[in-house]
Structure formats: C-alpha cells, structure tokens
Amino acid sequence: MAAATVARPFSRGFIALSLSLAALAGANAQTMVSISGSTVNMREAPTLDSTVLWELQRGYPLEVTGRRGSWLAVKDFEGDTGWVARSMTGKAPHHIVKSPTLNLRSAPSTSSAVVAQMARGELLKTLEKRRDWVRVERASGETGWVSRRLVWGF
C-alpha cells in the first residue's frame, strides 16, 4: 500500500514537470514576424509616446522576445531591441543580408552563376527554402539563391 501511495504523487509530479518543461520550450521557441505597414516605428517602450528608435520598412524581419498588450518586444538581426505595434506586423517571410557582401546565385550551389552582389542590411523577400539555401527576391525584382547562413530571418 505504501508503495502505491509513493508512486502516485511521483507520477503526478513527473507529468506536471514534463508539461511545465514542454510549455517552457514552447515559450522559448523563436517567433518571427515581419513589418506589414509601409513604414513602422520601432520604439523604446510599448507606448505611442515613447522615443522612436528606428523606422522599419515593409517586410523587415524581427524576432519576438516578448509581448505586452498590443505591443511586441522585438530584436533585429544586429541585436537591437525595441517595441512595435502588433497590428503592424505579419508573417510574410523575409531575410536580411548579414554578411558584408552576398552573392545572389542562379541556383542553390556555390558553383552556380552569380546573378548579383548584395550588401549587408539589404532586405530580401523569401520565396523558397531548401536545406542550406533560400530563394529570394530583391526590391529590384531580381530573384536567385543565397546561402542561408549569410542571411537572417524566416
């Protein structure tokens, strides 16, 4: 009888611990958004009265690090943090060039032809993902493939 009494609380505690760890893992999963408005202010605090830190253009990808009411705490590819209105974000995938220069290629291979070169900070619309490569579209309309490790976003 005593063994059954000990086993029951242990199994409940184990299940509760497992559920807590699963919830914690879900809470720590990286959530990405992109700017859906034409130009959106990233602010110092989650209010319209707070200082504007940056103006972000449509498509700019951000990592969500927290939430407060109708505001999202966010981080950009350089690690800058701030707040944006949740209503001004969406899930359209985009990437930012994070290397000093990046080759836009005709196919997902380092041996394929270079279509163009891009500079750090260029915003790219995400069209397709394949393992270590992302097919993207530039603002100019050019499309091609880039190495996933040289861009940031989703």
# chains A, B, ... in the order shown; residues from 1 in each chain; ligands from 1

$ closest_atom_pairs --of "region 45-73 of chain A" --to "region 134-153 of chain A" --cutoff "12 Å" --atoms "only C-alpha atoms" --output "Markdown table"
| residue | atom | partner | partner_atom | distance |
| --- | --- | --- | --- | --- |
| A:Gln57 | CA | A:Ala139 | CA | 11.6 |
| A:Arg58 | CA | A:Ala139 | CA | 10.9 |
| A:Gly59 | CA | A:Gly153 | CA | 10.2 |
| A:Tyr60 | CA | A:Gly153 | CA | 8.7 |
| A:Pro61 | CA | A:Gly153 | CA | 5.6 |
| A:Leu62 | CA | A:Gly153 | CA | 7.2 |
| A:Glu63 | CA | A:Gly153 | CA | 8.1 |
| A:Val64 | CA | A:Gly153 | CA | 11.6 |

$ select_by_dssp --residues "chain A" --states "helix (DSSP H, G or I)" --output "ChimeraX atom specification"
/A:2-28,86-88,148-150

$ residues_around --residues "Arg43 (chain A)" --least-positions-apart "6" --cutoff "8 Å" --atoms "only C-alpha atoms" --output "JSON list (two decimals) with N, CA, C and O atoms, in the first residue's frame"
[["chain", "number", "residue", "atom", "x", "y", "z"],
["A", 50, "SER", "N", 6.52, 56.99, -26.57],
["A", 50, "SER", "CA", 7.94, 56.70, -26.34],
["A", 50, "SER", "C", 8.80, 57.08, -27.55],
["A", 50, "SER", "O", 8.31, 57.27, -28.66],
["A", 51, "THR", "N", 10.08, 57.17, -27.31],
["A", 51, "THR", "CA", 11.05, 57.57, -28.32],
["A", 51, "THR", "C", 11.08, 56.58, -29.48],
["A", 51, "THR", "O", 11.09, 55.37, -29.28],
["A", 52, "VAL", "N", 11.12, 57.10, -30.71],
["A", 52, "VAL", "CA", 11.27, 56.27, -31.90],
["A", 52, "VAL", "C", 12.75, 55.96, -32.08],
["A", 52, "VAL", "O", 13.57, 56.87, -32.19],
["A", 53, "LEU", "N", 13.09, 54.66, -32.06],
["A", 53, "LEU", "CA", 14.48, 54.24, -32.23],
["A", 53, "LEU", "C", 14.86, 54.09, -33.70],
["A", 53, "LEU", "O", 15.95, 54.47, -34.11],
["A", 54, "TRP", "N", 13.97, 53.48, -34.47],
["A", 54, "TRP", "CA", 14.22, 53.19, -35.89],
["A", 54, "TRP", "C", 12.91, 53.25, -36.65],
["A", 54, "TRP", "O", 11.86, 53.00, -36.09],
["A", 82, "GLY", "N", 13.59, 46.72, -29.26],
["A", 82, "GLY", "CA", 12.60, 47.78, -29.14],
["A", 82, "GLY", "C", 11.21, 47.18, -29.15],
["A", 82, "GLY", "O", 11.04, 45.97, -28.96],
["A", 83, "TRP", "N", 10.23, 48.02, -29.40],
["A", 83, "TRP", "CA", 8.82, 47.62, -29.39],
["A", 83, "TRP", "C", 8.15, 48.07, -30.69],
["A", 83, "TRP", "O", 8.43, 49.15, -31.19],
["A", 84, "VAL", "N", 7.27, 47.22, -31.22],
["A", 84, "VAL", "CA", 6.44, 47.58, -32.38],
["A", 84, "VAL", "C", 5.00, 47.19, -32.08],
["A", 84, "VAL", "O", 4.74, 46.25, -31.32]]

$ atom_distance --atom1 "CA of Asp49 (chain A)" --atom2 "CA of Ser34 (chain A)"
22.5 Å

$ residues_around --residues "Arg67 (chain A)" --least-positions-apart "3" --cutoff "10 Å" --atoms "only C-alpha atoms" --output "ChimeraX atom specification"
/A:46,64,70-74,83-86

$ atom_distance --atom1 "CA of Met88 (chain A)" --atom2 "CA of Thr47 (chain A)"
13.8 Å
